[in-house]
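This is coords_16.pdb (PDB, C-alpha atoms).
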```
ATOM      1  CA  MET A 204     -18.155  34.931 200.842  1.00  0.00           C
ATOM      2  CA  ALA A 205     -21.255  32.883 201.589  1.00  0.00           C
ATOM      3  CA  LYS A 206     -22.877  35.557 203.776  1.00  0.00           C
ATOM      4  CA  LYS A 207     -22.431  39.294 204.024  1.00  0.00           C
ATOM      5  CA  LEU A 208     -20.968  40.320 207.367  1.00  0.00           C
ATOM      6  CA  ASP A 209     -23.746  42.863 207.853  1.00  0.00           C
ATOM      7  CA  ASP A 210     -26.303  40.024 207.767  1.00  0.00           C
ATOM      8  CA  LEU A 211     -24.291  37.708 209.999  1.00  0.00           C
ATOM      9  CA  ASP A 212     -25.874  36.455 213.213  1.00  0.00           C
ATOM     10  CA  ASP A 213     -23.290  37.161 215.922  1.00  0.00           C
ATOM     11  CA  SER A 214     -24.385  34.277 218.109  1.00  0.00           C
ATOM     12  CA  PHE A 215     -22.064  31.310 218.584  1.00  0.00           C
ATOM     13  CA  MET A 216     -24.166  29.047 216.355  1.00  0.00           C
ATOM     14  CA  GLY A 217     -24.755  31.826 213.826  1.00  0.00           C
ATOM     15  CA  ILE A 218     -21.011  32.299 213.350  1.00  0.00           C
ATOM     16  CA  PHE A 219     -20.345  28.585 212.994  1.00  0.00           C
ATOM     17  CA  ASN A 220     -23.244  28.219 210.547  1.00  0.00           C
ATOM     18  CA  ALA A 221     -21.715  31.009 208.454  1.00  0.00           C
ATOM     19  CA  SER A 222     -18.351  29.244 208.638  1.00  0.00           C
ATOM     20  CA  ASN A 223     -20.007  26.041 207.459  1.00  0.00           C
ATOM     21  CA  ASP A 224     -21.582  27.949 204.543  1.00  0.00           C
ATOM     22  CA  ILE A 225     -18.115  29.138 203.525  1.00  0.00           C
ATOM     23  CA  ASN A 226     -16.782  25.582 203.700  1.00  0.00           C
ATOM     24  CA  GLN A 227     -19.608  24.410 201.426  1.00  0.00           C
ATOM     25  CA  VAL A 228     -18.851  27.145 198.896  1.00  0.00           C
ATOM     26  CA  TYR A 229     -15.144  26.312 198.845  1.00  0.00           C
ATOM     27  CA  ALA A 230     -15.833  22.590 198.625  1.00  0.00           C
ATOM     28  CA  GLU A 231     -17.718  23.278 195.398  1.00  0.00           C
ATOM     29  CA  LYS A 232     -14.880  25.502 194.145  1.00  0.00           C
ATOM     30  CA  PHE A 233     -12.403  22.722 194.942  1.00  0.00           C
ATOM     31  CA  ARG A 234     -14.489  20.230 192.967  1.00  0.00           C
ATOM     32  CA  GLU A 235     -14.917  22.524 189.976  1.00  0.00           C
ATOM     33  CA  ASN A 236     -11.425  24.038 189.746  1.00  0.00           C
ATOM     34  CA  ILE A 237      -8.867  21.696 191.283  1.00  0.00           C
ATOM     35  CA  ILE A 238     -10.452  18.304 190.734  1.00  0.00           C
ATOM     36  CA  GLY A 239     -11.836  19.631 187.440  1.00  0.00           C
ATOM     37  CA  TYR A 240      -8.302  20.487 186.269  1.00  0.00           C
ATOM     38  CA  VAL A 241      -7.064  16.956 187.021  1.00  0.00           C
ATOM     39  CA  VAL A 242     -10.048  15.392 185.260  1.00  0.00           C
ATOM     40  CA  GLN A 243      -9.532  17.663 182.230  1.00  0.00           C
ATOM     41  CA  TRP A 244      -5.799  16.834 182.085  1.00  0.00           C
ATOM     42  CA  ASP A 245      -6.525  13.109 182.205  1.00  0.00           C
ATOM     43  CA  LYS A 246      -9.198  13.412 179.518  1.00  0.00           C
ATOM     44  CA  ILE A 247      -6.983  15.440 177.162  1.00  0.00           C
ATOM     45  CA  VAL A 248      -3.961  13.158 177.515  1.00  0.00           C
ATOM     46  CA  SER A 249      -5.928   9.902 177.394  1.00  0.00           C
ATOM     47  CA  THR A 250      -8.006  10.977 174.394  1.00  0.00           C
ATOM     48  CA  ARG A 251      -4.984  12.087 172.409  1.00  0.00           C
ATOM     49  CA  ILE A 252      -2.930   8.965 173.145  1.00  0.00           C
ATOM     50  CA  GLU A 253      -5.842   6.607 172.436  1.00  0.00           C
ATOM     51  CA  GLY A 254      -6.658   8.444 169.208  1.00  0.00           C
ATOM     52  CA  ARG A 255      -3.055   8.338 168.014  1.00  0.00           C
ATOM     53  CA  LEU A 256      -2.779   4.667 168.934  1.00  0.00           C
ATOM     54  CA  ILE A 257      -5.744   3.935 166.677  1.00  0.00           C
ATOM     55  CA  GLU A 258      -4.045   5.741 163.779  1.00  0.00           C
ATOM     56  CA  PHE A 259      -0.722   4.056 164.546  1.00  0.00           C
ATOM     57  CA  ARG A 260      -2.335   0.614 164.420  1.00  0.00           C
ATOM     58  CA  LYS A 261      -3.810   1.480 161.030  1.00  0.00           C
ATOM     59  CA  MET A 262      -0.358   2.534 159.783  1.00  0.00           C
ATOM     60  CA  ARG A 263       1.205  -0.630 161.161  1.00  0.00           C
ATOM     61  CA  SER A 264      -1.433  -2.712 159.393  1.00  0.00           C
ATOM     62  CA  SER A 265      -0.767  -0.850 156.126  1.00  0.00           C
ATOM     63  CA  TYR A 266       2.991  -1.261 156.551  1.00  0.00           C
ATOM     64  CA  ALA A 267       2.643  -4.995 157.289  1.00  0.00           C
ATOM     65  CA  HIS A 268       0.393  -5.338 154.230  1.00  0.00           C
ATOM     66  CA  TYR A 269       3.002  -3.887 151.868  1.00  0.00           C
ATOM     67  CA  VAL A 270       5.810  -5.892 153.514  1.00  0.00           C
ATOM     68  CA  ASP A 271       3.924  -9.111 152.782  1.00  0.00           C
ATOM     69  CA  LYS A 272       2.892  -7.962 149.301  1.00  0.00           C
ATOM     70  CA  VAL A 273       6.404  -6.957 148.253  1.00  0.00           C
ATOM     71  CA  ALA A 274       7.794 -10.225 149.645  1.00  0.00           C
ATOM     72  CA  GLY A 275       5.234 -12.156 147.610  1.00  0.00           C
ATOM     73  CA  LEU A 276       6.021 -10.189 144.418  1.00  0.00           C
ATOM     74  CA  HIS A 277       9.752 -10.780 144.933  1.00  0.00           C
ATOM     75  CA  GLU A 278       9.057 -14.490 145.202  1.00  0.00           C
ATOM     76  CA  LYS A 279       7.068 -14.473 141.976  1.00  0.00           C
ATOM     77  CA  ALA A 280       9.741 -12.439 140.238  1.00  0.00           C
ATOM     78  CA  ASP A 281      12.421 -14.880 141.364  1.00  0.00           C
ATOM     79  CA  LYS A 282      10.434 -17.803 139.982  1.00  0.00           C
ATOM     80  CA  GLN A 283       9.957 -16.035 136.658  1.00  0.00           C
ATOM     81  CA  LYS A 284      13.655 -15.252 136.461  1.00  0.00           C
ATOM     82  CA  ALA A 285      14.487 -18.890 137.116  1.00  0.00           C
ATOM     83  CA  LYS A 286      12.308 -19.955 134.184  1.00  0.00           C
ATOM     84  CA  SER A 287      13.366 -17.109 131.874  1.00  0.00           C
ATOM     85  CA  LYS A 288      15.543 -17.912 128.881  1.00  0.00           C
ATOM     86  CA  GLN A 289      16.602 -14.273 128.440  1.00  0.00           C
ATOM     87  CA  VAL A 290      20.067 -13.059 129.239  1.00  0.00           C
ATOM     88  CA  PRO A 291      20.212 -11.514 131.743  1.00  0.00           C
ATOM     89  CA  LYS A 292      17.258 -13.293 133.279  1.00  0.00           C
ATOM     90  CA  THR A 293      14.399 -10.969 134.167  1.00  0.00           C
ATOM     91  CA  ALA A 294      10.780 -11.147 135.289  1.00  0.00           C
ATOM     92  CA  SER A 295       7.959 -10.038 133.034  1.00  0.00           C
ATOM     93  CA  PRO A 296       7.670  -6.253 132.529  1.00  0.00           C
ATOM     94  CA  ARG A 297       4.202  -6.304 134.059  1.00  0.00           C
ATOM     95  CA  LEU A 298       5.391  -8.027 137.239  1.00  0.00           C
ATOM     96  CA  ALA A 299       8.486  -5.852 137.421  1.00  0.00           C
ATOM     97  CA  ASN A 300       6.371  -2.665 137.224  1.00  0.00           C
ATOM     98  CA  LYS A 301       3.980  -3.974 139.871  1.00  0.00           C
ATOM     99  CA  LEU A 302       6.885  -4.838 142.141  1.00  0.00           C
ATOM    100  CA  GLU A 303       8.423  -1.413 141.667  1.00  0.00           C
ATOM    101  CA  ARG A 304       5.150   0.375 142.503  1.00  0.00           C
ATOM    102  CA  ASN A 305       4.642  -1.642 145.666  1.00  0.00           C
ATOM    103  CA  VAL A 306       8.238  -1.110 146.781  1.00  0.00           C
ATOM    104  CA  VAL A 307       7.560   2.639 146.579  1.00  0.00           C
ATOM    105  CA  LYS A 308       4.330   2.200 148.556  1.00  0.00           C
ATOM    106  CA  LEU A 309       6.183   0.089 151.127  1.00  0.00           C
ATOM    107  CA  SER A 310       8.797   2.805 151.536  1.00  0.00           C
ATOM    108  CA  GLY A 311       6.100   5.445 152.099  1.00  0.00           C
ATOM    109  CA  ALA A 312       4.183   3.238 154.531  1.00  0.00           C
ATOM    110  CA  GLU A 313       7.359   2.497 156.472  1.00  0.00           C
ATOM    111  CA  GLU A 314       8.334   6.149 156.710  1.00  0.00           C
ATOM    112  CA  ALA A 315       4.834   7.209 157.827  1.00  0.00           C
ATOM    113  CA  HIS A 316       4.724   4.341 160.354  1.00  0.00           C
ATOM    114  CA  ASP A 317       8.108   5.165 161.875  1.00  0.00           C
ATOM    115  CA  ASP A 318       7.564   8.946 161.998  1.00  0.00           C
ATOM    116  CA  TYR A 319       4.133   8.608 163.566  1.00  0.00           C
ATOM    117  CA  GLY A 320       5.395   6.026 166.045  1.00  0.00           C
ATOM    118  CA  ARG A 321       8.304   8.232 167.120  1.00  0.00           C
ATOM    119  CA  SER A 322       5.919  11.174 167.572  1.00  0.00           C
ATOM    120  CA  LEU A 323       3.540   9.071 169.659  1.00  0.00           C
ATOM    121  CA  LEU A 324       6.343   7.782 171.873  1.00  0.00           C
ATOM    122  CA  LEU A 325       7.646  11.326 172.309  1.00  0.00           C
ATOM    123  CA  TYR A 326       4.227  12.504 173.488  1.00  0.00           C
ATOM    124  CA  ILE A 327       3.825   9.569 175.902  1.00  0.00           C
ATOM    125  CA  ASP A 328       7.303  10.187 177.273  1.00  0.00           C
ATOM    126  CA  GLU A 329       6.512  13.892 177.722  1.00  0.00           C
ATOM    127  CA  VAL A 330       3.333  13.396 179.736  1.00  0.00           C
ATOM    128  CA  THR A 331       4.766  10.561 181.874  1.00  0.00           C
ATOM    129  CA  THR A 332       8.246  11.894 182.706  1.00  0.00           C
ATOM    130  CA  THR A 333       7.626  15.657 182.830  1.00  0.00           C
ATOM    131  CA  TYR A 334       4.091  15.569 184.227  1.00  0.00           C
ATOM    132  CA  TRP A 335       5.320  17.826 187.063  1.00  0.00           C
ATOM    133  CA  LYS A 336       5.072  20.741 184.620  1.00  0.00           C
ATOM    134  CA  ASP A 337       1.300  20.252 184.615  1.00  0.00           C
ATOM    135  CA  PHE A 338       1.348  20.046 188.424  1.00  0.00           C
ATOM    136  CA  VAL A 339       2.612  23.646 188.743  1.00  0.00           C
ATOM    137  CA  PRO A 340      -0.691  25.356 187.801  1.00  0.00           C
ATOM    138  CA  LEU A 341      -2.533  22.809 189.961  1.00  0.00           C
ATOM    139  CA  LEU A 342      -0.323  23.698 192.929  1.00  0.00           C
ATOM    140  CA  HIS A 343      -0.899  27.404 192.237  1.00  0.00           C
ATOM    141  CA  MET A 344      -4.677  26.905 192.229  1.00  0.00           C
ATOM    142  CA  PHE A 345      -4.525  24.877 195.440  1.00  0.00           C
ATOM    143  CA  MET A 346      -2.471  27.512 197.274  1.00  0.00           C
ATOM    144  CA  LYS A 347      -4.764  30.301 196.091  1.00  0.00           C
ATOM    145  CA  PHE A 348      -7.779  28.233 197.120  1.00  0.00           C
ATOM    146  CA  SER A 349      -6.290  27.589 200.579  1.00  0.00           C
ATOM    147  CA  MET A 350      -5.338  31.228 201.175  1.00  0.00           C
ATOM    148  CA  ASN A 351      -8.697  32.610 200.069  1.00  0.00           C
ATOM    149  CA  GLY A 352     -10.604  30.026 202.078  1.00  0.00           C
ATOM    150  CA  ALA A 353      -8.574  30.699 205.215  1.00  0.00           C
ATOM    151  CA  SER A 354      -8.999  34.450 204.754  1.00  0.00           C
ATOM    152  CA  ASP A 355     -12.783  34.281 204.345  1.00  0.00           C
ATOM    153  CA  THR A 356     -13.134  31.890 207.274  1.00  0.00           C
ATOM    154  CA  SER A 357     -10.961  34.031 209.552  1.00  0.00           C
ATOM    155  CA  VAL A 358     -13.083  37.112 208.822  1.00  0.00           C
ATOM    156  CA  VAL A 359     -16.158  35.284 210.060  1.00  0.00           C
ATOM    157  CA  MET A 360     -14.494  33.493 212.963  1.00  0.00           C
ATOM    158  CA  ARG A 361     -13.076  36.764 214.287  1.00  0.00           C
ATOM    159  CA  ARG A 362     -16.665  37.642 215.140  1.00  0.00           C
ATOM    160  CA  LEU A 363     -16.335  35.098 217.946  1.00  0.00           C
ATOM    161  CA  GLU A 364     -14.377  37.751 219.842  1.00  0.00           C
ATOM    162  CA  LYS A 365     -17.681  39.468 220.625  1.00  0.00           C
ATOM    163  CA  VAL A 366     -19.166  36.234 221.940  1.00  0.00           C
ATOM    164  CA  ASP A 367     -16.039  35.572 224.007  1.00  0.00           C
ATOM    165  CA  ALA A 368     -16.194  39.075 225.475  1.00  0.00           C
ATOM    166  CA  ILE A 369     -19.757  38.390 226.670  1.00  0.00           C
ATOM    167  CA  LEU A 370     -18.642  35.129 228.285  1.00  0.00           C
ATOM    168  CA  LYS A 371     -15.802  36.896 230.090  1.00  0.00           C
ATOM    169  CA  LYS A 372     -18.258  39.399 231.576  1.00  0.00           C
ATOM    170  CA  SER A 373     -20.653  36.715 232.802  1.00  0.00           C
ATOM    171  CA  GLU A 374     -20.891  35.717 236.475  1.00  0.00           C
ATOM    172  CA  ILE A 375     -19.751  32.194 235.664  1.00  0.00           C
ATOM    173  CA  GLY A 376     -16.447  33.328 234.127  1.00  0.00           C
ATOM    174  CA  VAL A 377     -14.235  31.497 231.662  1.00  0.00           C
ATOM    175  CA  THR A 378     -11.522  30.031 233.914  1.00  0.00           C
ATOM    176  CA  GLY A 379     -13.591  26.976 234.759  1.00  0.00           C
ATOM    177  CA  ARG A 380     -14.326  25.326 238.118  1.00  0.00           C
ATOM    178  CA  LEU A 381     -12.421  22.054 237.939  1.00  0.00           C
ATOM    179  CA  GLU A 382     -10.589  22.736 241.197  1.00  0.00           C
ATOM    180  CA  ALA A 383     -13.841  23.590 242.945  1.00  0.00           C
ATOM    181  CA  LEU A 384     -15.512  20.421 241.660  1.00  0.00           C
ATOM    182  CA  LYS A 385     -12.481  18.488 242.870  1.00  0.00           C
ATOM    183  CA  SER A 386     -12.289  19.662 246.471  1.00  0.00           C
ATOM    184  CA  SER A 387     -14.808  22.385 247.463  1.00  0.00           C
ATOM    185  CA  PRO A 388     -17.941  21.651 249.524  1.00  0.00           C
ATOM    186  CA  PRO A 389     -21.188  21.476 247.515  1.00  0.00           C
ATOM    187  CA  GLU A 390     -22.465  24.539 249.385  1.00  0.00           C
ATOM    188  CA  VAL A 391     -19.558  26.544 247.972  1.00  0.00           C
ATOM    189  CA  ILE A 392     -19.829  25.107 244.468  1.00  0.00           C
ATOM    190  CA  THR A 393     -23.566  25.605 244.123  1.00  0.00           C
ATOM    191  CA  SER A 394     -24.747  28.984 242.887  1.00  0.00           C
ATOM    192  CA  SER A 395     -27.088  30.971 245.123  1.00  0.00           C
ATOM    193  CA  THR A 396     -30.158  30.263 243.020  1.00  0.00           C
ATOM    194  CA  ALA A 397     -29.325  26.615 242.554  1.00  0.00           C
ATOM    195  CA  GLY A 398     -28.569  26.343 246.265  1.00  0.00           C
ATOM    196  CA  LYS A 399     -31.968  27.660 247.204  1.00  0.00           C
ATOM    197  CA  GLU A 400     -33.635  25.273 244.797  1.00  0.00           C
ATOM    198  CA  THR A 401     -31.673  22.386 246.284  1.00  0.00           C
ATOM    199  CA  GLU A 402     -32.565  23.385 249.860  1.00  0.00           C
ATOM    200  CA  ALA A 403     -36.243  23.626 248.922  1.00  0.00           C
ATOM    201  CA  GLY A 404     -36.109  20.194 247.365  1.00  0.00           C
ATOM    202  CA  LEU A 405     -34.497  18.686 250.475  1.00  0.00           C
ATOM    203  CA  LYS A 406     -37.134  20.304 252.696  1.00  0.00           C
ATOM    204  CA  GLN A 407     -39.909  18.820 250.565  1.00  0.00           C
ATOM    205  CA  MET A 408     -38.320  15.377 250.830  1.00  0.00           C
ATOM    206  CA  GLU A 409     -38.082  15.690 254.633  1.00  0.00           C
ATOM    207  CA  GLU A 410     -41.716  16.758 254.897  1.00  0.00           C
ATOM    208  CA  LYS A 411     -42.818  13.842 252.740  1.00  0.00           C
ATOM    209  CA  GLU A 412     -40.830  11.362 254.833  1.00  0.00           C
ATOM    210  CA  ALA A 413     -42.375  12.808 258.026  1.00  0.00           C
ATOM    211  CA  GLU A 414     -45.872  12.404 256.606  1.00  0.00           C
ATOM    212  CA  GLU A 415     -45.202   8.812 255.584  1.00  0.00           C
ATOM    213  CA  SER A 416     -43.815   8.068 259.067  1.00  0.00           C
ATOM    214  CA  ALA A 417     -46.891   9.570 260.717  1.00  0.00           C
ATOM    215  CA  ASP A 418     -49.185   7.506 258.499  1.00  0.00           C
ATOM    216  CA  LYS A 419     -47.384   4.315 259.497  1.00  0.00           C
ATOM    217  CA  GLU A 420     -47.729   5.146 263.183  1.00  0.00           C
ATOM    218  CA  ASN A 421     -51.471   5.779 262.765  1.00  0.00           C
ATOM    219  CA  ASP A 422     -51.870   2.467 261.009  1.00  0.00           C
ATOM    220  CA  LEU A 423     -50.138   0.663 263.875  1.00  0.00           C
ATOM    221  CA  GLU A 424     -52.343   2.338 266.476  1.00  0.00           C
ATOM    222  CA  SER A 425     -55.503   1.336 264.631  1.00  0.00           C
ATOM    223  CA  VAL A 426     -54.534  -2.339 264.573  1.00  0.00           C
TER     224      VAL A 426
END
```
Please re-express this file's structure in structure tokens.
Amino acid sequence: MAKKLDDLDDSFMGIFNASNDINQVYAEKFRENIIGYVVQWDKIVSTRIEGRLIEFRKMRSSYAHYVDKVAGLHEKADKQKAKSKQVPKTASPRLANKLERNVVKLSGAEEAHDDYGRSLLLYIDEVTTTYWKDFVPLLHMFMKFSMNGASDTSVVMRRLEKVDAILKKSEIGVTGRLEALKSSPPEVITSSTAGKETEAGLKQMEEKEAEESADKENDLESV
């Protein structure tokens, strides 16, 4: 809690200032824990997918390289066979060995490419279709945050009962005076002190008007 209850100012503003302090503390907790969890999830998933995409592109490039190379070696071998006078017609041993080695490399590159691609697609499918599994701990944190925040705020706001008790004991009361303002005479509405102040003000205005009237009469007589 932002302030200890023993140090809390029990005035109306003191209680609301303490409540505001609690809100500030929980706003920071919300930023660090709840928003922080979402940011961390996004960073983990994005980094892993982007990293695996880079590797997958490398594997695809390697696979495409061996596809083209093997196709080119097959073409050369076919040309050599067409020109060969041996029976059966064959390519040169050197070209045949090179073709065999690259066929093996192509097979390995294809297997690595397909396995890695399937794994990447599986991961993407997991985080996009079953993302709700990662929402569960977020929901738990949010509910815990809400309950704790409400509990701490209520402890402070309950101190308003003391302030309300003082208002109830005051001469003004807490029921309001809308009906009186609507239909009662001003003499009834006005408090005793305020009434006296108003009467004194009216008397001063009357005395001033009388003086001004007397001055005007004197001026007329002198003319």
Set the distance at 12 Å and use all atoms listed in the file: which residues neighbour Trp244 (chain A) once local chain neighbours fewer than 3 positions away are removed? I'd like the list as a short mmCIF file (atom, residue, chain, number, x, y, z; two decimals) with C-alpha atoms, in the frame of the given file.
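Full text of part.cif as output:
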```cif
data_model
loop_
_atom_site.label_atom_id
_atom_site.label_comp_id
_atom_site.auth_asym_id
_atom_site.auth_seq_id
_atom_site.Cartn_x
_atom_site.Cartn_y
_atom_site.Cartn_z
CA ASN A 236 -11.42 24.04 189.75
CA ILE A 237 -8.87 21.70 191.28
CA ILE A 238 -10.45 18.30 190.73
CA GLY A 239 -11.84 19.63 187.44
CA TYR A 240 -8.30 20.49 186.27
CA VAL A 241 -7.06 16.96 187.02
CA ILE A 247 -6.98 15.44 177.16
CA VAL A 248 -3.96 13.16 177.52
CA SER A 249 -5.93 9.90 177.39
CA THR A 250 -8.01 10.98 174.39
CA ARG A 251 -4.98 12.09 172.41
CA VAL A 330 3.33 13.40 179.74
CA TYR A 334 4.09 15.57 184.23
CA LYS A 336 5.07 20.74 184.62
CA ASP A 337 1.30 20.25 184.62
CA PHE A 338 1.35 20.05 188.42
CA PRO A 340 -0.69 25.36 187.80
CA LEU A 341 -2.53 22.81 189.96
#
```
Return as JSON the box centre and box size in Å, one decimal, for an axis-aligned box around all listed atoms of region 314-319 of chain A padded by 6 Å per side.
```
{"center_x": 6.2, "center_y": 6.6, "center_z": 160.1, "size_x": 16.2, "size_y": 16.6, "size_z": 18.9}
```
Original post:
Mind telling me what the PyMOL selection byres ((chain A and resi 346-363) around 7) catches here, as a PyMOL selection string?
Top reply: chain A and resi 204+213+215+218+222+225+229+342-345+364-367
Subject >> Separation of CA of His316 (chain A) from CA of Arg263 (chain A), in Å and rounded to one decimal >> reply: 6.1 Å
**OP:** Could you tell me how far CA of Ile369 (chain A) lies from CA of Phe219 (chain A), in Å and to one decimal?
**Re:**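 Result for CA of Ile369 (chain A) versus CA of Phe219 (chain A): 16.8 Å, one decimal.
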Original post:
Which polymer residues have any atom within 9 Å of an atom of Gly320 (chain A), counting all atoms listed in the file, with same-chain residues fewer than 3 positions away left out, as a PyMOL selection string?
Top reply: chain A and resi 255-256+259+315-317+323-325
Original post:
Can you tell me how far CA of His277 (chain A) sits from CA of Ser295 (chain A), in Å to one decimal?
Top reply: 12.1 Å
Original post:
Restricting the calculation to only C-alpha atoms, which member of A:Leu384, A:Gly217, A:Tyr326, A:Gly311 is positioned closest to Glu253 (chain A)?
Top reply: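 Comparing A:Leu384, A:Gly217, A:Tyr326, A:Gly311 against Glu253 (chain A), the winner is A:Tyr326.
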Original post:
Of the residues A:Asp271, A:Asp328, A:Glu415, A:Asp318, which is the one nearest to Leu302 (chain A), using all atoms listed in the file?
Top reply: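 Closest to Leu302 (chain A), using all atoms listed in the file: A:Asp271.
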